[in-house]
>>> print(open('run_19.cif').read())   # mmCIF, C-alpha atoms and all ligand atoms
data_target
loop_
_atom_site.label_atom_id
_atom_site.label_comp_id
_atom_site.auth_asym_id
_atom_site.auth_seq_id
_atom_site.Cartn_x
_atom_site.Cartn_y
_atom_site.Cartn_z
CA MET A 1 -20.47 180.87 43.29
CA PRO A 2 -19.50 184.13 41.63
CA GLN A 3 -19.70 187.10 43.93
CA PHE A 4 -21.24 190.44 43.12
CA SER A 5 -18.80 193.00 41.81
CA GLN A 6 -17.59 195.60 44.27
CA SER A 7 -18.32 199.24 43.63
CA ILE A 8 -15.61 201.27 41.89
CA PRO A 9 -15.02 203.65 44.87
CA LYS A 10 -14.56 200.64 47.16
CA ARG A 11 -12.11 199.01 44.74
CA LEU A 12 -10.21 202.30 44.41
CA LEU A 13 -9.98 202.68 48.18
CA LYS A 14 -8.72 199.13 48.61
CA MET A 15 -6.20 199.63 45.83
CA PHE A 16 -4.97 202.86 47.41
CA LEU A 17 -4.52 201.19 50.80
CA ALA A 18 -2.91 198.14 49.17
CA SER A 19 -0.40 200.45 47.43
CA ILE A 20 0.62 201.94 50.78
CA PHE A 21 0.86 198.50 52.34
CA PHE A 22 2.93 197.25 49.42
CA ALA A 23 5.34 200.22 49.51
CA ALA A 24 5.86 199.83 53.27
CA SER A 25 6.37 196.05 53.10
CA GLU A 26 8.84 196.34 50.20
CA LEU A 27 10.81 198.97 52.11
CA ILE A 28 10.99 196.72 55.19
CA ARG A 29 12.00 193.80 52.99
CA ALA A 30 14.78 195.81 51.32
CA VAL A 31 16.18 196.84 54.72
CA ARG A 32 16.12 193.26 56.01
CA VAL A 33 17.76 191.90 52.86
CA ALA A 34 20.43 194.62 53.14
CA PHE A 35 21.29 193.23 56.56
CA ALA A 36 21.73 189.76 54.99
CA HIS A 37 18.58 188.21 56.34
CA GLN A 38 17.37 185.15 54.48
CA LEU A 39 13.95 186.23 53.30
CA PRO A 40 12.20 183.68 51.10
CA TYR A 41 8.94 184.66 49.43
CA GLU A 42 5.87 182.98 50.87
CA PRO A 43 3.70 181.27 48.24
CA LEU A 44 0.64 183.29 47.29
CA ILE A 45 -2.58 181.65 46.08
CA ILE A 46 -5.07 183.41 43.82
CA PHE A 47 -8.53 182.19 42.87
CA TYR A 48 -10.84 182.76 39.92
CA HIS A 49 -14.44 181.78 39.17
CA GLN A 50 -15.82 182.30 35.67
CA VAL A 51 -14.02 183.61 32.58
CA PHE A 52 -16.37 184.49 29.72
CA PRO A 53 -15.34 184.65 26.02
CA SER A 54 -15.23 188.46 26.15
CA GLU A 55 -12.76 188.23 29.08
CA ARG A 56 -10.34 185.74 27.50
CA LYS A 57 -7.84 188.34 26.28
CA ARG A 58 -7.76 190.11 29.64
CA PHE A 59 -7.25 186.77 31.38
CA ALA A 60 -4.41 185.91 28.97
CA ARG A 61 -2.75 189.26 29.75
CA GLN A 62 -3.03 188.50 33.47
CA MET A 63 -1.30 185.14 32.93
CA ASP A 64 1.48 186.87 30.96
CA HIS A 65 1.82 189.35 33.83
CA LEU A 66 1.99 186.47 36.30
CA LEU A 67 4.82 184.85 34.32
CA ARG A 68 6.68 188.16 34.18
CA TRP A 69 6.48 188.95 37.90
CA ALA A 70 6.06 185.60 39.65
CA HIS A 71 6.79 181.91 39.41
CA PRO A 72 3.70 179.72 38.90
CA VAL A 73 3.57 176.66 41.16
CA SER A 74 1.03 173.92 41.73
CA THR A 75 -0.79 173.51 45.04
CA ALA A 76 1.45 170.48 45.62
CA GLN A 77 4.48 172.82 45.78
CA LEU A 78 3.21 175.24 48.42
CA ASP A 79 5.60 174.03 51.08
CA GLN A 80 8.62 174.76 48.91
CA THR A 81 9.55 178.38 49.49
CA ASP A 82 11.75 180.20 47.04
CA LYS A 83 14.23 182.91 47.96
CA HIS A 84 14.51 184.33 44.47
CA SER A 85 11.06 184.41 42.89
CA ARG A 86 7.50 184.88 44.06
CA PRO A 87 5.68 181.52 43.97
CA VAL A 88 2.02 181.92 42.93
CA ALA A 89 -0.56 179.12 42.68
CA VAL A 90 -3.66 179.59 40.52
CA THR A 91 -6.89 178.04 41.78
CA VAL A 92 -10.47 178.11 40.46
CA ASP A 93 -13.71 177.69 42.38
CA ASP A 94 -16.91 175.86 41.45
CA GLY A 95 -15.81 174.25 38.15
CA TRP A 96 -17.46 176.54 35.59
CA LEU A 97 -17.37 175.48 31.95
CA SER A 98 -16.58 179.08 30.96
CA PHE A 99 -13.23 178.79 32.75
CA VAL A 100 -12.49 175.46 31.07
CA SER A 101 -13.38 176.83 27.62
CA ASN A 102 -11.77 180.27 27.79
CA ALA A 103 -9.09 180.27 30.48
CA LEU A 104 -7.74 176.75 30.63
CA PRO A 105 -6.30 176.84 27.07
CA GLU A 106 -4.40 179.98 28.11
CA THR A 107 -2.95 178.46 31.31
CA LYS A 108 -2.03 175.23 29.52
CA ARG A 109 -0.35 177.12 26.69
CA ARG A 110 1.85 178.87 29.27
CA LEU A 111 2.39 175.66 31.32
CA ILE A 112 0.76 177.28 34.37
CA PRO A 113 -0.57 174.65 36.77
CA ILE A 114 -4.08 175.17 38.16
CA THR A 115 -6.21 173.53 40.84
CA THR A 116 -9.96 173.55 40.33
CA PHE A 117 -12.45 172.91 43.12
CA ILE A 118 -15.65 171.23 41.91
CA ILE A 119 -19.20 171.30 43.30
CA ALA A 120 -19.69 167.56 42.95
CA ASP A 121 -23.51 167.30 42.95
CA ARG A 122 -23.82 170.09 40.40
CA MET A 123 -21.62 168.59 37.67
CA GLY A 124 -23.33 169.14 34.30
CA SER A 125 -25.91 171.61 35.73
CA SER A 126 -26.34 175.37 35.26
CA PHE A 127 -26.13 176.13 39.01
CA GLY A 128 -28.13 179.34 38.77
CA ASP A 129 -26.41 180.90 35.76
CA ALA A 130 -28.23 180.54 32.43
CA ASN A 131 -25.06 181.55 30.52
CA ASP A 132 -22.77 179.00 32.11
CA ARG A 133 -22.76 175.64 33.85
CA ILE A 134 -20.56 173.40 35.96
CA VAL A 135 -18.49 170.90 33.95
CA SER A 136 -19.81 167.37 33.51
CA GLU A 137 -18.01 164.28 34.79
CA GLN A 138 -16.76 163.50 31.26
CA GLU A 139 -15.46 167.06 30.77
CA LEU A 140 -13.73 166.95 34.13
CA GLU A 141 -12.06 163.66 33.30
CA SER A 142 -10.91 165.03 29.93
CA ILE A 143 -9.18 168.16 31.35
CA ARG A 144 -7.22 166.42 34.07
CA ASP A 145 -3.50 166.13 33.39
CA ASP A 146 -0.20 167.09 35.02
CA LEU A 147 -1.18 170.78 34.92
CA VAL A 148 -4.70 170.37 36.35
CA THR A 149 -5.38 169.19 39.89
CA ILE A 150 -8.96 168.51 40.99
CA GLY A 151 -10.25 169.26 44.49
CA SER A 152 -13.65 169.19 46.19
CA HIS A 153 -15.83 172.23 46.83
CA THR A 154 -18.49 170.20 48.72
CA ALA A 155 -21.42 168.34 47.17
CA SER A 156 -23.98 171.17 47.02
CA HIS A 157 -22.05 174.37 47.88
CA PRO A 158 -23.69 175.23 51.22
CA CYS A 159 -22.31 177.66 53.78
CA LEU A 160 -20.88 175.03 56.15
CA THR A 161 -21.18 177.28 59.21
CA THR A 162 -24.98 176.94 58.94
CA LEU A 163 -25.00 173.11 58.88
CA LYS A 164 -25.08 170.49 61.61
CA GLU A 165 -21.97 168.36 62.07
CA ASP A 166 -23.43 165.25 60.39
CA ASP A 167 -24.45 167.28 57.33
CA ILE A 168 -20.98 168.78 57.10
CA ARG A 169 -19.47 165.29 57.22
CA LEU A 170 -21.80 164.23 54.40
CA GLU A 171 -20.85 167.23 52.23
CA LEU A 172 -17.14 166.57 52.76
CA ARG A 173 -17.26 162.82 52.18
CA SER A 174 -19.83 162.42 49.43
CA SER A 175 -18.21 165.10 47.26
CA ARG A 176 -14.80 163.45 47.60
CA ASP A 177 -16.23 159.99 46.84
CA GLN A 178 -18.11 161.29 43.81
CA LEU A 179 -15.07 163.05 42.36
CA MET A 180 -12.79 160.09 42.98
CA GLN A 181 -15.30 157.85 41.21
CA ALA A 182 -15.50 160.22 38.23
CA LEU A 183 -11.73 160.65 37.98
CA LYS A 184 -10.70 157.17 39.11
CA ALA A 185 -8.06 158.96 41.15
CA ASP A 186 -7.57 160.23 44.68
CA VAL A 187 -8.85 163.69 45.71
CA ARG A 188 -6.96 165.25 48.63
CA LEU A 189 -7.76 168.97 48.46
CA PHE A 190 -10.83 170.85 49.65
CA CYS A 191 -12.07 174.42 49.41
CA PHE A 192 -14.73 175.97 51.69
CA PRO A 193 -17.72 177.51 49.84
CA PHE A 194 -17.83 181.27 50.56
CA GLY A 195 -14.62 180.74 52.56
CA ALA A 196 -16.87 180.11 55.59
CA TYR A 197 -15.52 177.78 58.25
CA GLU A 198 -15.14 177.27 61.97
CA ASP A 199 -12.08 175.81 63.66
CA GLU A 200 -14.00 172.61 64.45
CA HIS A 201 -14.50 171.98 60.73
CA ILE A 202 -10.78 171.43 60.24
CA ALA A 203 -10.84 168.14 62.15
CA LEU A 204 -13.79 167.02 60.01
CA CYS A 205 -11.81 167.79 56.84
CA ARG A 206 -8.87 165.73 58.09
CA GLU A 207 -11.26 162.94 59.02
CA ALA A 208 -12.78 163.01 55.50
CA GLY A 209 -9.33 162.44 54.00
CA TYR A 210 -8.21 165.90 52.86
CA ASP A 211 -4.52 166.82 53.04
CA ARG A 212 -5.03 170.58 52.71
CA VAL A 213 -7.96 173.01 52.70
CA PHE A 214 -8.36 176.45 51.14
CA ILE A 215 -10.28 179.55 52.18
CA SER A 216 -11.23 182.86 50.50
CA THR A 217 -9.20 185.32 52.52
CA PRO A 218 -5.43 185.81 52.33
CA VAL A 219 -4.63 184.67 55.86
CA PRO A 220 -6.33 181.97 57.99
CA LYS A 221 -7.68 182.85 61.43
CA GLY A 222 -4.70 182.52 63.78
CA ARG A 223 -1.75 180.24 63.14
CA ARG A 224 -3.23 177.13 64.72
CA PHE A 225 -3.73 175.31 61.44
CA GLU A 226 -0.76 176.70 59.56
CA GLY A 227 0.27 174.40 56.74
CA TYR A 228 -3.20 172.83 56.57
CA VAL A 229 -5.44 175.85 55.96
CA SER A 230 -4.22 177.98 53.04
CA GLY A 231 -5.34 181.57 52.54
CA ARG A 232 -6.10 182.90 49.06
CA ILE A 233 -6.82 186.19 47.36
CA ARG A 234 -9.67 186.59 44.88
CA VAL A 235 -8.83 187.83 41.39
CA ASP A 236 -11.05 188.40 38.36
CA PRO A 237 -10.37 188.89 34.67
CA THR A 238 -12.01 192.30 35.12
CA ASP A 239 -9.36 193.44 37.64
CA TRP A 240 -7.55 196.60 36.55
CA PRO A 241 -3.87 195.92 35.68
CA LEU A 242 -2.58 197.74 38.80
CA GLU A 243 -5.19 196.06 40.97
CA PHE A 244 -4.16 192.62 39.66
CA HIS A 245 -0.48 193.46 40.09
CA LEU A 246 -0.94 194.50 43.72
CA LYS A 247 -2.92 191.35 44.45
CA LEU A 248 -0.16 189.27 42.88
CA MET A 249 2.46 191.03 45.02
CA GLY A 250 0.56 190.14 48.20
CA ALA A 251 -0.42 193.76 48.84
CA TYR A 252 -4.00 192.76 49.71
CA TYR A 253 -2.87 190.88 52.84
CA TRP A 254 -3.90 194.01 54.69
CA ILE A 255 -7.56 192.93 54.30
CA SER A 256 -7.01 190.02 56.68
CA MET A 257 -4.80 192.09 58.95
CA LEU A 258 -7.49 194.76 59.25
CA ALA A 259 -10.16 192.12 59.85
CA ALA A 260 -8.06 190.57 62.62
CA LEU A 261 -7.42 194.00 64.16
CA ARG A 262 -11.15 194.82 64.04
CA GLN A 263 -11.92 191.51 65.77
CA ARG A 264 -9.36 192.23 68.53
CA LEU A 265 -10.78 195.75 69.07
CA ARG A 266 -14.30 194.32 69.19
CA VAL A 267 -13.29 191.81 71.86
CA ARG A 268 -11.49 194.51 73.85
CA TRP A 269 -14.49 196.84 73.62
CA LYS A 270 -16.80 194.08 74.83
CA THR A 271 -14.45 193.31 77.71
CA THR A 272 -14.45 196.95 78.83
CA GLN A 273 -18.25 196.99 78.65
CA THR A 274 -18.60 193.91 80.89
CA PRO A 275 -19.03 195.72 84.29
CA LEU A 276 -21.79 197.87 82.82
CA THR A 277 -23.46 194.79 81.38
CA ILE A 278 -23.41 193.09 84.79
CA ALA A 279 -24.79 196.21 86.45
CA SER A 280 -27.64 196.32 83.97
CA GLY A 281 -28.42 192.66 84.70
CA ALA A 282 -28.37 191.83 80.99
CA GLY A 283 -25.77 189.06 81.26
CA VAL A 284 -22.01 188.89 80.81
CA ALA A 285 -20.53 189.26 77.36
CA GLN A 286 -17.90 186.65 76.43
CA PRO A 287 -14.83 187.55 74.38
CA GLY A 288 -15.31 186.42 70.82
CA ASP A 289 -19.15 186.37 70.93
ZN ZN B 301 -17.81 178.46 45.36
#
>>> encode(input="run_19.cif", output="structure tokens", more="lines below")
Ligand SMILES: [Zn+2]
Amino acid sequence: MPQFSQSIPKRLLKMFLASIFFAASELIRAVRVAFAHQLPYEPLIIFYHQVFPSERKRFARQMDHLLRWAHPVSTAQLDQTDKHSRPVAVTVDDGWLSFVSNALPETKRRLIPITTFIIADRMGSSFGDANDRIVSEQELESIRDDLVTIGSHTASHPCLTTLKEDDIRLELRSSRDQLMQALKADVRLFCFPFGAYEDEHIALCREAGYDRVFISTPVPKGRRFEGYVSGRIRVDPTDWPLEFHLKLMGAYYWISMLAALRQRLRVRWKTTQTPLTIASGAGVAQPGD
């Protein structure tokens, strides 16, 4: 589902920090390249939601910017790294008709491949937005071609971390079955609603037949599922040009790095508090609670 817009001061702060991160990482890269290190660019994945008619021109400018600064790839090409250009894959969550009507003609015109993740049970319904709706089965079938890959975004778009295991299995399997029936083709990609997942869910995704899954932050938790769980960065047609550029350059990776650092500090702080907790008789805190 679309998320609420962030406040302007928060966006400015993130952009400022991303600029510093970007400058530092480019400097390190230049030094390493100077010493003849092979340094291929890692593929970067961006994701959109809705694109309304009033946003079409801004979206088109973003796609032109992408072509100027990066190399668009499909989600099937993520394992092919490129030493000379920045590979970027465009993905879209939920399956909004507004994206199909206003953005898809722009990506197709520029031969930019996209992958769209569909909420299977909501096809043809408004899904809480009176000005938009999720595409119908017929519309989905009609847009699929070599430039459009279809993936599942569950059946009903729940936060999977709140469900029991059997219900998660049902969401994963029924959505895939429904989409395969509508498309008369295989569906091998999955995207977590709200980017919410636990490590145990990965085995369930494999069991349900998915080859790769996508989340809503740039870097997955740990490297345990590298190659199977792909991080992404959210973009919007309303992004400022510099903001979009920095996202495209991978400068917003710092969000995940800071989150990981905060988690490590939290665990360390809890560990140092343990003796006091025991003394108070309130129980022992476990790392990662
Ligand atoms: Zn969603």
>>> closest_atom_pairs(input="run_19.cif", of="chain A", to="ligand ZN 301 (chain B)", cutoff="8 Å", atoms="all atoms listed in the file", output="JSON lines")
{"residue": "A:Met1", "atom": "CA", "partner": "B:ZN301", "partner_atom": "ZN", "distance": 4.1}
{"residue": "A:Pro2", "atom": "CA", "partner": "B:ZN301", "partner_atom": "ZN", "distance": 7.0}
{"residue": "A:His49", "atom": "CA", "partner": "B:ZN301", "partner_atom": "ZN", "distance": 7.8}
{"residue": "A:Asp93", "atom": "CA", "partner": "B:ZN301", "partner_atom": "ZN", "distance": 5.1}
{"residue": "A:Asp94", "atom": "CA", "partner": "B:ZN301", "partner_atom": "ZN", "distance": 4.8}
{"residue": "A:Ile119", "atom": "CA", "partner": "B:ZN301", "partner_atom": "ZN", "distance": 7.6}
{"residue": "A:His153", "atom": "CA", "partner": "B:ZN301", "partner_atom": "ZN", "distance": 6.7}
{"residue": "A:His157", "atom": "CA", "partner": "B:ZN301", "partner_atom": "ZN", "distance": 6.4}
{"residue": "A:Phe192", "atom": "CA", "partner": "B:ZN301", "partner_atom": "ZN", "distance": 7.5}
{"residue": "A:Pro193", "atom": "CA", "partner": "B:ZN301", "partner_atom": "ZN", "distance": 4.6}
{"residue": "A:Phe194", "atom": "CA", "partner": "B:ZN301", "partner_atom": "ZN", "distance": 5.9}
>>> residues_around(input="run_19.cif", residues="range 202-218 of chain A", least_positions_apart="5", cutoff="7 Å", atoms="only C-alpha atoms", output="JSON, numbers by chain")
{"A": [169, 172, 173, 188, 189, 190, 191, 192, 194, 195, 228, 229, 230, 231, 232, 233, 234, 253, 256]}
>>> atom_distance(input="run_19.cif", atom1="CA of Phe117 in chain A", atom2="CA of Leu183 in chain A")
13.3 Å
>>> atom_distance(input="run_19.cif", atom1="CA of Asp132 in chain A", atom2="CA of Trp96 in chain A")
6.8 Å
>>> residues_near_point(input="run_19.cif", point="(-20.9, 174.1, 65.3)", cutoff="10 Å", atoms="all atoms listed in the file", output="compact mmCIF listing (two decimals) with C-alpha atoms, in the frame of the given file")
# COMPACT_ATOMS: atom_id res chain seq x y z
CA LEU A 160 -20.88 175.03 56.15
CA THR A 161 -21.18 177.28 59.21
CA THR A 162 -24.98 176.94 58.94
CA LEU A 163 -25.00 173.11 58.88
CA LYS A 164 -25.08 170.49 61.61
CA GLU A 165 -21.97 168.36 62.07
CA ILE A 168 -20.98 168.78 57.10
CA TYR A 197 -15.52 177.78 58.25
CA GLU A 198 -15.14 177.27 61.97
CA ASP A 199 -12.08 175.81 63.66
CA GLU A 200 -14.00 172.61 64.45
CA HIS A 201 -14.50 171.98 60.73
>>> closest_residue(input="run_19.cif", among="A:Thr238, A:Gly250, A:Gln80, A:Ile150", to="Ile8 in chain A", atoms="all atoms listed in the file")
A:Thr238
>>> residues_around(input="run_19.cif", residues="Thr75 in chain A", least_positions_apart="3", cutoff="7 Å", atoms="all atoms listed in the file", output="list in words")
Leu78, Ala89 and Thr115 of chain A
>>> residues_near_point(input="run_19.cif", point="(-0.3, 195.7, 39.9)", cutoff="12 Å", atoms="all atoms listed in the file", output="list in words")
Met15, Phe16, Ala18, Ser19, Phe22, Gln62, His65, Leu66, Arg68, Trp69, Ala70, Val235, Asp239, Trp240, Pro241, Leu242, Glu243, Phe244, His245, Leu246, Lys247, Leu248, Met249, Gly250, Ala251 and Tyr252 of chain A
>>> atom_distance(input="run_19.cif", atom1="CA of Ile20 in chain A", atom2="CA of Arg264 in chain A")
22.6 Å
>>> axis_aligned_box(input="run_19.cif", around="range 121-130 of chain A", padding_each_side="5 Å", output="JSON")
{"center_x": -24.9, "center_y": 174.1, "center_z": 37.7, "size_x": 16.6, "size_y": 23.6, "size_z": 20.5}
>>> residues_around(input="run_19.cif", residues="Ala185 in chain A", least_positions_apart="2", cutoff="12 Å", atoms="all atoms listed in the file", output="PDB file with C-alpha atoms, in the frame of the given file")
ATOM      1  CA  GLU A 141     -12.060 163.660  33.300  1.00  0.00           C
ATOM      2  CA  ARG A 144      -7.220 166.420  34.070  1.00  0.00           C
ATOM      3  CA  ASP A 145      -3.500 166.130  33.390  1.00  0.00           C
ATOM      4  CA  THR A 149      -5.380 169.190  39.890  1.00  0.00           C
ATOM      5  CA  ILE A 150      -8.960 168.510  40.990  1.00  0.00           C
ATOM      6  CA  GLY A 151     -10.250 169.260  44.490  1.00  0.00           C
ATOM      7  CA  ARG A 176     -14.800 163.450  47.600  1.00  0.00           C
ATOM      8  CA  ASP A 177     -16.230 159.990  46.840  1.00  0.00           C
ATOM      9  CA  GLN A 178     -18.110 161.290  43.810  1.00  0.00           C
ATOM     10  CA  LEU A 179     -15.070 163.050  42.360  1.00  0.00           C
ATOM     11  CA  MET A 180     -12.790 160.090  42.980  1.00  0.00           C
ATOM     12  CA  GLN A 181     -15.300 157.850  41.210  1.00  0.00           C
ATOM     13  CA  ALA A 182     -15.500 160.220  38.230  1.00  0.00           C
ATOM     14  CA  LEU A 183     -11.730 160.650  37.980  1.00  0.00           C
ATOM     15  CA  VAL A 187      -8.850 163.690  45.710  1.00  0.00           C
ATOM     16  CA  ARG A 188      -6.960 165.250  48.630  1.00  0.00           C
TER      17      ARG A 188
END
>>> closest_residue(input="run_19.cif", among="A:Arg56, A:Lys184, A:Arg32, A:Arg110", to="Leu140 in chain A", atoms="all atoms listed in the file")
A:Lys184
>>> closest_residue(input="run_19.cif", among="A:Ala76, A:Ala130, A:Leu104, A:Leu97", to="Phe59 in chain A", atoms="all atoms listed in the file")
A:Leu104
>>> decode(input="run_19.cif", residues="range 195-263 of chain A", atoms="C-alpha atoms", output="mmCIF file, in the first residue's frame")
data_model
loop_
_atom_site.group_PDB
_atom_site.id
_atom_site.type_symbol
_atom_site.label_atom_id
_atom_site.label_comp_id
_atom_site.auth_asym_id
_atom_site.auth_seq_id
_atom_site.Cartn_x
_atom_site.Cartn_y
_atom_site.Cartn_z
ATOM 1 C CA GLY A 195 8.838 -5.251 3.819
ATOM 2 C CA ALA A 196 8.014 -7.143 7.037
ATOM 3 C CA TYR A 197 9.523 -10.600 7.402
ATOM 4 C CA GLU A 198 11.259 -12.949 9.801
ATOM 5 C CA ASP A 199 14.094 -15.289 8.869
ATOM 6 C CA GLU A 200 11.759 -18.290 9.224
ATOM 7 C CA HIS A 201 9.551 -16.919 6.439
ATOM 8 C CA ILE A 202 12.314 -17.427 3.885
ATOM 9 C CA ALA A 203 11.996 -21.216 4.060
ATOM 10 C CA LEU A 204 8.231 -20.869 3.574
ATOM 11 C CA CYS A 205 8.809 -18.756 0.447
ATOM 12 C CA ARG A 206 11.152 -21.391 -0.982
ATOM 13 C CA GLU A 207 8.621 -24.078 -0.117
ATOM 14 C CA ALA A 208 5.872 -22.120 -1.932
ATOM 15 C CA GLY A 209 7.964 -22.120 -5.112
ATOM 16 C CA TYR A 210 9.543 -18.655 -5.198
ATOM 17 C CA ASP A 211 13.040 -18.240 -6.651
ATOM 18 C CA ARG A 212 13.701 -14.799 -5.147
ATOM 19 C CA VAL A 213 12.003 -12.474 -2.649
ATOM 20 C CA PHE A 214 12.123 -8.698 -2.251
ATOM 21 C CA ILE A 215 11.950 -6.411 0.768
ATOM 22 C CA SER A 216 11.510 -2.647 1.309
ATOM 23 C CA THR A 217 14.893 -1.710 2.723
ATOM 24 C CA PRO A 218 18.154 -1.490 0.773
ATOM 25 C CA VAL A 219 19.949 -4.313 2.554
ATOM 26 C CA PRO A 220 18.542 -7.578 3.994
ATOM 27 C CA LYS A 221 19.150 -8.453 7.646
ATOM 28 C CA GLY A 222 22.557 -10.156 7.698
ATOM 29 C CA ARG A 223 24.042 -12.023 4.758
ATOM 30 C CA ARG A 224 22.448 -15.375 5.504
ATOM 31 C CA PHE A 225 20.038 -15.243 2.587
ATOM 32 C CA GLU A 226 22.206 -13.330 0.151
ATOM 33 C CA GLY A 227 21.126 -13.957 -3.423
ATOM 34 C CA TYR A 228 17.615 -14.958 -2.329
ATOM 35 C CA VAL A 229 16.444 -11.876 -0.417
ATOM 36 C CA SER A 230 16.924 -8.668 -2.413
ATOM 37 C CA GLY A 231 16.940 -5.247 -0.787
ATOM 38 C CA ARG A 232 15.252 -2.284 -2.470
ATOM 39 C CA ILE A 233 14.992 1.455 -2.071
ATOM 40 C CA ARG A 234 11.663 3.272 -2.269
ATOM 41 C CA VAL A 235 11.294 6.040 -4.851
ATOM 42 C CA ASP A 236 8.314 8.232 -5.720
ATOM 43 C CA PRO A 237 7.484 10.466 -8.658
ATOM 44 C CA THR A 238 7.404 13.299 -6.115
ATOM 45 C CA ASP A 239 11.076 12.794 -5.171
ATOM 46 C CA TRP A 240 13.175 15.918 -5.706
ATOM 47 C CA PRO A 241 15.689 15.499 -8.573
ATOM 48 C CA LEU A 242 18.702 15.386 -6.202
ATOM 49 C CA GLU A 243 16.864 13.045 -3.846
ATOM 50 C CA PHE A 244 16.066 10.671 -6.733
ATOM 51 C CA HIS A 245 19.628 10.888 -8.031
ATOM 52 C CA LEU A 246 21.123 9.987 -4.642
ATOM 53 C CA LYS A 247 18.736 7.063 -4.286
ATOM 54 C CA LEU A 248 19.720 5.849 -7.748
ATOM 55 C CA MET A 249 23.408 6.082 -6.837
ATOM 56 C CA GLY A 250 22.875 3.860 -3.788
ATOM 57 C CA ALA A 251 23.492 6.723 -1.366
ATOM 58 C CA TYR A 252 20.514 5.697 0.787
ATOM 59 C CA TYR A 253 22.182 2.419 1.807
ATOM 60 C CA TRP A 254 23.114 4.253 4.971
ATOM 61 C CA ILE A 255 19.503 3.806 6.189
ATOM 62 C CA SER A 256 20.035 0.061 6.538
ATOM 63 C CA MET A 257 23.534 0.516 7.891
ATOM 64 C CA LEU A 258 22.270 2.869 10.594
ATOM 65 C CA ALA A 259 19.401 0.508 11.418
ATOM 66 C CA ALA A 260 21.853 -2.390 11.780
ATOM 67 C CA LEU A 261 24.160 -0.267 13.945
ATOM 68 C CA ARG A 262 21.222 0.790 16.157
ATOM 69 C CA GLN A 263 20.237 -2.872 16.558
#
